[in-house]
file model17.cif (mmCIF, C-alpha atoms and all ligand atoms)
data_run
loop_
_atom_site.label_atom_id
_atom_site.label_comp_id
_atom_site.auth_asym_id
_atom_site.auth_seq_id
_atom_site.Cartn_x
_atom_site.Cartn_y
_atom_site.Cartn_z
CA MET P 16 98.76 87.71 129.80
CA ASP P 17 98.41 89.71 133.02
CA ARG P 18 94.67 90.08 133.68
CA HIS P 19 94.28 87.05 135.92
CA PRO P 20 96.53 85.30 138.44
CA GLY P 21 98.88 82.64 137.15
CA GLY P 22 98.65 83.61 133.45
CA SER P 23 98.19 80.90 130.83
CA GLU P 24 99.63 78.23 133.12
CA LEU P 25 96.68 78.62 135.50
CA THR P 26 94.29 78.67 132.51
CA LYS P 27 95.70 75.28 131.45
CA ARG P 28 95.42 74.03 135.02
CA LEU P 29 91.75 75.15 135.12
CA LEU P 30 90.96 73.37 131.85
CA SER P 31 92.63 70.21 133.15
CA LEU P 32 90.12 69.90 136.02
CA SER P 33 87.71 68.07 133.71
CA PRO P 34 88.29 66.60 130.22
CA LEU P 35 87.44 69.16 127.52
CA ALA P 36 86.12 67.71 124.27
CA PRO P 37 86.06 69.98 121.18
CA CYS P 38 82.77 71.92 121.24
CA ARG P 39 81.26 75.40 120.89
CA MET P 40 82.67 77.33 123.84
CA VAL P 41 82.24 80.84 125.28
CA ASP P 42 84.70 82.88 127.35
CA LEU P 43 82.64 85.08 129.70
CA GLY P 44 84.57 88.30 130.40
CA ALA P 45 87.17 87.41 127.78
CA GLY P 46 88.98 90.76 128.06
CA LYS P 47 91.62 91.01 125.35
CA GLY P 48 90.77 87.50 124.13
CA GLU P 49 94.05 85.90 125.16
CA SER P 50 92.47 82.59 126.22
CA LEU P 51 90.45 82.25 122.99
CA ALA P 52 93.53 81.20 121.03
CA LEU P 53 94.24 78.46 123.57
CA LEU P 54 90.64 77.21 123.38
CA ARG P 55 90.86 77.11 119.58
CA ARG P 56 94.12 75.15 119.74
CA LEU P 57 92.22 72.63 121.88
CA GLY P 58 89.74 72.22 119.01
CA CYS P 59 86.90 74.38 120.31
CA GLU P 60 84.89 76.87 118.27
CA ALA P 61 85.47 79.65 120.80
CA VAL P 62 83.76 83.03 121.14
CA GLY P 63 84.41 85.64 123.82
CA ILE P 64 82.22 88.37 125.27
CA ASP P 65 83.26 91.37 127.33
CA LEU P 66 82.00 94.82 128.32
CA CYS P 67 85.36 96.24 127.15
CA PRO P 68 86.29 93.80 124.40
CA GLY P 69 89.69 93.40 122.81
CA PRO P 70 90.03 92.56 119.10
CA GLY P 71 88.02 89.48 118.12
CA VAL P 72 85.93 89.59 121.33
CA LEU P 73 82.22 90.45 121.17
CA ALA P 74 80.94 93.52 123.05
CA GLY P 75 78.29 92.49 125.57
CA ASP P 76 77.25 91.80 129.13
CA PHE P 77 77.50 88.17 130.23
CA LEU P 78 74.76 88.80 132.81
CA HIS P 79 72.43 89.51 129.83
CA PRO P 80 74.18 87.60 127.05
CA PRO P 81 73.25 87.86 123.35
CA PHE P 82 73.13 84.06 122.95
CA ALA P 83 70.23 81.61 123.07
CA PRO P 84 69.97 79.38 126.16
CA GLY P 85 71.82 76.08 125.72
CA SER P 86 74.06 77.47 122.95
CA PHE P 87 77.37 76.16 124.27
CA GLY P 88 78.99 72.86 125.18
CA ALA P 89 81.42 74.55 127.59
CA ALA P 90 82.12 77.95 129.14
CA LEU P 91 85.24 79.55 130.59
CA SER P 92 85.46 82.53 132.90
CA GLN P 93 88.57 83.85 134.61
CA CYS P 94 88.63 86.65 137.16
CA ALA P 95 85.40 88.16 135.79
CA PHE P 96 82.33 86.92 137.76
CA TYR P 97 83.27 88.82 140.93
CA VAL P 98 84.22 91.93 138.92
CA SER P 99 80.72 91.94 137.34
CA GLY P 100 79.22 92.86 140.73
CA ASP P 101 76.80 89.88 140.61
CA GLN P 102 78.81 86.69 141.14
CA ALA P 103 75.73 84.54 141.86
CA GLY P 104 73.92 85.96 138.81
CA ALA P 105 76.98 85.20 136.66
CA PHE P 106 76.85 81.50 137.67
CA CYS P 107 73.13 81.44 136.77
CA SER P 108 73.80 83.11 133.41
CA ALA P 109 76.57 80.56 132.60
CA HIS P 110 74.18 77.74 133.57
CA ARG P 111 71.52 79.05 131.14
CA LEU P 112 74.03 79.33 128.28
CA LEU P 113 75.22 75.72 128.59
CA ALA P 114 73.56 72.73 126.95
CA PRO P 115 72.73 69.86 129.33
CA GLY P 116 75.99 68.04 130.14
CA GLY P 117 78.01 71.21 129.47
CA THR P 118 80.93 72.20 131.69
CA LEU P 119 81.77 75.56 133.22
CA TYR P 120 85.45 76.22 133.97
CA VAL P 121 85.64 79.17 136.34
CA ALA P 122 88.49 80.86 138.17
CA ASP P 123 87.49 83.69 140.47
CA VAL P 124 87.99 85.67 143.61
CA PHE P 125 85.69 84.71 146.47
CA PHE P 126 85.34 86.29 149.90
CA GLY P 127 84.94 83.44 152.37
CA PRO P 128 85.83 79.75 152.51
CA GLU P 129 86.04 77.41 149.49
CA GLU P 130 82.71 75.82 150.52
CA GLY P 131 81.00 79.17 149.90
CA PHE P 132 82.32 79.28 146.33
CA VAL P 133 81.17 75.68 145.76
CA ASP P 134 77.72 76.65 147.12
CA LEU P 135 77.42 79.47 144.55
CA ALA P 136 77.82 76.93 141.74
CA ALA P 137 75.45 74.44 143.38
CA GLN P 138 72.79 77.12 143.93
CA ALA P 139 72.92 77.92 140.19
CA GLY P 140 72.18 74.24 139.44
CA PHE P 141 75.70 72.92 138.77
CA ARG P 142 77.27 69.70 140.02
CA VAL P 143 80.78 70.58 141.14
CA LEU P 144 83.40 68.23 139.66
CA ALA P 145 86.55 69.76 141.16
CA CYS P 146 87.62 72.85 143.07
CA GLU P 147 91.15 74.00 143.90
CA ASP P 148 92.43 76.80 146.12
CA HIS P 149 94.97 79.02 144.30
CA THR P 150 94.91 81.91 146.76
CA ALA P 151 98.74 81.96 146.82
CA ALA P 152 98.76 82.88 143.09
CA TRP P 153 96.13 85.54 143.77
CA ARG P 154 98.26 87.09 146.57
CA GLU P 155 101.28 87.27 144.28
CA TYR P 156 99.15 88.81 141.49
CA TYR P 157 97.48 91.32 143.82
CA LEU P 158 100.78 92.42 145.36
CA ARG P 159 102.08 93.12 141.86
CA LEU P 160 98.96 95.24 141.12
CA VAL P 161 99.52 97.17 144.37
CA TRP P 162 103.19 97.67 143.48
CA GLU P 163 102.19 98.96 140.01
CA GLY P 164 99.43 101.20 141.48
CA ARG P 165 96.65 99.26 139.69
CA ALA P 166 94.93 97.52 142.62
CA GLY P 167 92.07 99.95 143.30
CA GLY P 168 90.02 99.03 146.38
CA PHE P 169 89.74 95.36 145.53
CA CYS P 170 90.46 93.59 148.78
CA ARG P 171 88.75 95.58 151.50
CA PRO P 172 87.61 93.56 154.55
CA HIS P 173 84.44 91.56 153.85
CA PRO P 174 81.89 90.20 156.38
CA ARG P 175 82.14 86.67 154.89
CA GLY P 176 85.89 86.48 155.54
CA GLY P 177 89.20 86.69 153.69
CA CYS P 178 89.77 86.89 149.97
CA GLY P 179 90.54 83.58 148.21
CA TYR P 180 91.00 82.57 144.57
CA PHE P 181 89.50 79.31 143.37
CA LEU P 182 89.56 77.21 140.21
CA MET P 183 86.47 75.10 139.63
CA ALA P 184 84.98 72.80 137.00
CA CYS P 185 81.26 72.14 137.29
CA LYS P 186 78.67 70.45 135.14
CA LYS P 187 75.12 71.29 134.09
CA GLU P 188 73.34 67.96 134.54
C1 LIG P 201 90.24 90.96 135.40
S1 LIG P 201 89.62 91.03 133.74
C2 LIG P 201 89.92 89.37 133.18
C3 LIG P 201 89.89 89.29 131.69
C4 LIG P 201 90.13 87.88 131.10
N1 LIG P 201 89.16 86.91 131.59
C5 LIG P 201 91.52 87.40 131.42
O1 LIG P 201 91.68 86.54 132.29
O2 LIG P 201 92.48 87.91 130.80
C6 LIG P 201 87.83 91.02 134.03
C7 LIG P 201 87.05 91.25 132.75
O3 LIG P 201 85.66 91.01 133.01
C8 LIG P 201 84.92 91.94 132.22
N2 LIG P 201 83.56 92.02 132.75
C9 LIG P 201 83.17 92.36 134.02
N3 LIG P 201 81.83 92.29 134.13
C10 LIG P 201 81.36 91.91 132.90
C11 LIG P 201 80.05 91.64 132.40
N4 LIG P 201 78.95 91.79 133.16
N5 LIG P 201 79.93 91.25 131.12
C12 LIG P 201 81.03 91.11 130.32
N6 LIG P 201 82.30 91.33 130.76
C13 LIG P 201 82.46 91.73 132.03
C14 LIG P 201 85.73 93.21 132.32
O4 LIG P 201 85.40 94.11 131.29
C15 LIG P 201 87.16 92.67 132.22
O5 LIG P 201 87.62 92.63 130.87
#

call {"tool": "encode", "arguments": {"input": "model17.cif", "output": "structure tokens"}}
result
Amino acid sequence: MDRHPGGSELTKRLLSLSPLAPCRMVDLGAGKGESLALLRRLGCEAVGIDLCPGPGVLAGDFLHPPFAPGSFGAALSQCAFYVSGDQAGAFCSAHRLLAPGGTLYVADVFFGPEEGFVDLAAQAGFRVLACEDHTAAWREYYLRLVWEGRAGGFCRPHPRGGCGYFLMACKKE
């Protein structure tokens, strides 16, 4: 698993931020679907959606998802909201997809301080349960991408400040 910092260990850390009861769960930007197997082992009926889906992942845009509002008890997204080009819109889309009481587990790049990332979730209507700074894992991951020539123009200077990587669990009340 090499499409987000920290691999499956950081996925497990993210899911530990709030208790996850078996439920219908969606992985937004699931990529090759590597986290779906973990979610299923945890007892969830997990589906994934991605613009460039791997096997077993649905093709689709999580900003305009092909699911009814309130369809899921929980949602996961790793390293995908920022990449979509509309990070705030992605939080709003996740909020719509969750049933009341549902939890979003999100790990993402954010330009600016941790409070700014927390604000994005709050502005979408979430109550933030926990947020952790894992920028060190992001640096290690990004340096490897640079070394392998796969980094693109990801971390150009940004007016809001430096590039951080945060893990967050938040609830739709
Ligand atoms: C860095 S990869 C992470 C993949 C996966 N979450 C993982 O951790 O292995 C980002 C993924 O987000 C997907 N993505 C970006 N914007 C999307 C959107 N609007 N709708 C669906 N998928 C999107 C990309 O196609 C890509 O597979």

call {"tool": "closest_atom_pairs", "arguments": {"input": "model17.cif", "of": "chain P", "to": "ligand LIG 201 (chain P)", "cutoff": "9 Å", "atoms": "all atoms listed in the file", "output": "tab-separated table"}}
result
residue	atom	partner	partner_atom	distance
P:Met16	CA	P:LIG201	O2	6.4
P:Asp17	CA	P:LIG201	O2	6.6
P:Arg18	CA	P:LIG201	O2	4.2
P:His19	CA	P:LIG201	O1	4.5
P:Pro20	CA	P:LIG201	O1	7.9
P:Gly22	CA	P:LIG201	O1	7.6
P:Ser23	CA	P:LIG201	O1	8.7
P:Thr26	CA	P:LIG201	O1	8.3
P:Asp42	CA	P:LIG201	N1	7.4
P:Leu43	CA	P:LIG201	C12	6.3
P:Gly44	CA	P:LIG201	N6	3.8
P:Ala45	CA	P:LIG201	N1	4.3
P:Gly46	CA	P:LIG201	O5	3.6
P:Lys47	CA	P:LIG201	O2	6.3
P:Gly48	CA	P:LIG201	O2	6.9
P:Glu49	CA	P:LIG201	O2	6.2
P:Ser50	CA	P:LIG201	O2	7.0
P:Ile64	CA	P:LIG201	C12	5.9
P:Asp65	CA	P:LIG201	N6	3.6
P:Leu66	CA	P:LIG201	N6	4.3
P:Cys67	CA	P:LIG201	O4	4.7
P:Pro68	CA	P:LIG201	O5	6.7
P:Gly69	CA	P:LIG201	O5	8.4
P:Ala74	CA	P:LIG201	C12	7.7
P:Gly75	CA	P:LIG201	C12	5.7
P:Asp76	CA	P:LIG201	N5	3.4
P:Phe77	CA	P:LIG201	N5	4.0
P:Leu78	CA	P:LIG201	N4	5.2
P:His79	CA	P:LIG201	N4	7.7
P:Pro80	CA	P:LIG201	N5	7.9
P:Leu91	CA	P:LIG201	N1	8.4
P:Ser92	CA	P:LIG201	N1	5.9
P:Gln93	CA	P:LIG201	N1	4.3
P:Cys94	CA	P:LIG201	C1	4.9
P:Ala95	CA	P:LIG201	O3	4.0
P:Phe96	CA	P:LIG201	N3	6.5
P:Tyr97	CA	P:LIG201	C9	7.8
P:Val98	CA	P:LIG201	C9	5.0
P:Ser99	CA	P:LIG201	N3	3.4
P:Gly100	CA	P:LIG201	N3	7.1
P:Asp101	CA	P:LIG201	N4	8.0
P:Ala105	CA	P:LIG201	N4	7.7
P:Ala122	CA	P:LIG201	O1	8.8

call {"tool": "closest_residue", "arguments": {"input": "model17.cif", "among": "P:His149, P:Arg39, P:Arg142, P:Arg175", "to": "His110 of chain P", "atoms": "only C-alpha atoms"}}
result
P:Arg142

call {"tool": "residues_around", "arguments": {"input": "model17.cif", "residues": "Ser31 of chain P", "least_positions_apart": "3", "cutoff": "12 Å", "atoms": "all atoms listed in the file", "output": "JSON, numbers by chain"}}
result
{"P": [24, 25, 26, 27, 28, 34, 35, 36, 57, 118, 120, 121, 144, 145, 146, 147, 182, 183, 184]}

call {"tool": "atom_distance", "arguments": {"input": "model17.cif", "atom1": "atom CA of Asp134 of chain P", "atom2": "atom CA of Ser86 of chain P"}}
result
24.5 Å

call {"tool": "atom_distance", "arguments": {"input": "model17.cif", "atom1": "atom CA of Leu30 of chain P", "atom2": "atom CA of Gly176 of chain P"}}
result
27.5 Å

call {"tool": "axis_aligned_box", "arguments": {"input": "model17.cif", "around": "segment 88-104 of chain P", "padding_each_side": "4 Å", "output": "lines of an AutoDock Vina configuration file"}}
result
center_x = 81.3
center_y = 82.9
center_z = 133.5
size_x = 22.7
size_y = 28.0
size_z = 24.7

call {"tool": "atom_distance", "arguments": {"input": "model17.cif", "atom1": "atom CA of Glu60 of chain P", "atom2": "atom CA of Met40 of chain P"}}
result
6.0 Å

call {"tool": "residues_around", "arguments": {"input": "model17.cif", "residues": "Cys59 of chain P", "least_positions_apart": "5", "cutoff": "6 Å", "atoms": "only C-alpha atoms", "output": "ChimeraX atom specification"}}
result
/P:37-39,54

call {"tool": "residues_around", "arguments": {"input": "model17.cif", "residues": "Gly177 of chain P", "least_positions_apart": "2", "cutoff": "8 Å", "atoms": "only C-alpha atoms", "output": "mmCIF file with C-alpha atoms, in the frame of the given file"}}
result
data_model
loop_
_atom_site.group_PDB
_atom_site.id
_atom_site.type_symbol
_atom_site.label_atom_id
_atom_site.label_comp_id
_atom_site.auth_asym_id
_atom_site.auth_seq_id
_atom_site.Cartn_x
_atom_site.Cartn_y
_atom_site.Cartn_z
ATOM 1 C CA PHE P 126 85.340 86.290 149.900
ATOM 2 C CA GLY P 127 84.940 83.440 152.370
ATOM 3 C CA PRO P 128 85.830 79.750 152.510
ATOM 4 C CA PRO P 172 87.610 93.560 154.550
ATOM 5 C CA HIS P 173 84.440 91.560 153.850
ATOM 6 C CA ARG P 175 82.140 86.670 154.890
ATOM 7 C CA GLY P 179 90.540 83.580 148.210
#

call {"tool": "closest_residue", "arguments": {"input": "model17.cif", "among": "P:Gly63, P:Gly88, P:Gly131, P:Gly116", "to": "Gln102 of chain P", "atoms": "all atoms listed in the file"}}
result
P:Gly131

call {"tool": "closest_residue", "arguments": {"input": "model17.cif", "among": "P:Ala166, P:Leu135, P:Val72, P:Ala83", "to": "Gly104 of chain P", "atoms": "all atoms listed in the file"}}
result
P:Leu135

call {"tool": "closest_residue", "arguments": {"input": "model17.cif", "among": "P:Ala103, P:Glu155, P:Arg56, P:Leu73", "to": "Val41 of chain P", "atoms": "only C-alpha atoms"}}
result
P:Leu73

call {"tool": "closest_residue", "arguments": {"input": "model17.cif", "among": "P:Leu51, P:Cys178, P:Cys185, P:Ala61", "to": "Glu129 of chain P", "atoms": "only C-alpha atoms"}}
result
P:Cys178

call {"tool": "build_atoms", "arguments": {"input": "model17.cif", "residues": "segment 44-55 of chain P", "atoms": "all heavy atoms", "output": "CSV table (one decimal), in the coordinates of the input"}}
result
chain,number,residue,atom,x,y,z
P,44,GLY,N,83.6,87.3,129.9
P,44,GLY,CA,84.6,88.3,130.4
P,44,GLY,C,85.9,88.0,129.8
P,44,GLY,O,86.9,87.9,130.5
P,45,ALA,N,86.0,87.9,128.5
P,45,ALA,CA,87.2,87.4,127.8
P,45,ALA,C,88.3,88.5,127.7
P,45,ALA,O,89.4,88.1,127.4
P,45,ALA,CB,86.8,87.0,126.4
P,46,GLY,N,88.0,89.7,128.1
P,46,GLY,CA,89.0,90.8,128.1
P,46,GLY,C,89.6,90.9,126.7
P,46,GLY,O,88.9,91.2,125.7
P,47,LYS,N,90.9,90.8,126.6
P,47,LYS,CA,91.6,91.0,125.4
P,47,LYS,C,91.6,89.8,124.5
P,47,LYS,O,92.1,89.7,123.4
P,47,LYS,CB,93.1,91.4,125.6
P,47,LYS,CG,93.3,92.7,126.4
P,47,LYS,CD,94.7,92.9,126.7
P,47,LYS,CE,94.9,94.2,127.5
P,47,LYS,NZ,96.3,94.3,128.1
P,48,GLY,N,91.0,88.7,125.0
P,48,GLY,CA,90.8,87.5,124.1
P,48,GLY,C,92.0,86.6,124.2
P,48,GLY,O,92.1,85.7,123.3
P,49,GLU,N,92.8,86.7,125.2
P,49,GLU,CA,94.0,85.9,125.2
P,49,GLU,C,93.8,84.4,125.3
P,49,GLU,O,94.6,83.6,124.8
P,49,GLU,CB,95.0,86.4,126.3
P,49,GLU,CG,95.6,87.7,125.9
P,49,GLU,CD,96.2,88.5,127.0
P,49,GLU,OE1,95.6,88.5,128.1
P,49,GLU,OE2,97.3,89.0,126.9
P,50,SER,N,92.7,84.0,126.0
P,50,SER,CA,92.5,82.6,126.2
P,50,SER,C,91.8,82.0,125.0
P,50,SER,O,91.7,80.7,124.9
P,50,SER,CB,91.6,82.4,127.5
P,50,SER,OG,92.4,82.7,128.6
P,51,LEU,N,91.2,82.8,124.1
P,51,LEU,CA,90.4,82.2,123.0
P,51,LEU,C,91.4,81.4,122.1
P,51,LEU,O,91.0,80.4,121.6
P,51,LEU,CB,89.8,83.4,122.2
P,51,LEU,CG,88.6,84.1,122.9
P,51,LEU,CD1,88.1,85.2,122.0
P,51,LEU,CD2,87.5,83.2,123.2
P,52,ALA,N,92.6,81.9,121.9
P,52,ALA,CA,93.5,81.2,121.0
P,52,ALA,C,93.8,79.8,121.6
P,52,ALA,O,93.9,78.8,120.9
P,52,ALA,CB,94.8,82.0,120.9
P,53,LEU,N,94.0,79.8,122.9
P,53,LEU,CA,94.2,78.5,123.6
P,53,LEU,C,93.0,77.5,123.4
P,53,LEU,O,93.2,76.3,123.0
P,53,LEU,CB,94.5,78.7,125.1
P,53,LEU,CG,94.6,77.4,125.9
P,53,LEU,CD1,95.8,76.5,125.5
P,53,LEU,CD2,94.8,77.8,127.4
P,54,LEU,N,91.8,78.0,123.5
P,54,LEU,CA,90.6,77.2,123.4
P,54,LEU,C,90.5,76.7,121.9
P,54,LEU,O,90.2,75.5,121.7
P,54,LEU,CB,89.4,78.0,123.7
P,54,LEU,CG,89.3,78.5,125.2
P,54,LEU,CD1,88.0,79.3,125.4
P,54,LEU,CD2,89.4,77.3,126.2
P,55,ARG,N,90.9,77.5,121.0
P,55,ARG,CA,90.9,77.1,119.6
P,55,ARG,C,91.9,76.0,119.3
P,55,ARG,O,91.7,75.1,118.6
P,55,ARG,CB,91.0,78.3,118.7
P,55,ARG,CG,89.8,79.2,118.7
P,55,ARG,CD,89.9,80.5,117.9
P,55,ARG,NE,88.7,81.3,118.2
P,55,ARG,CZ,88.7,82.6,118.3
P,55,ARG,NH1,89.8,83.3,118.1
P,55,ARG,NH2,87.5,83.2,118.5
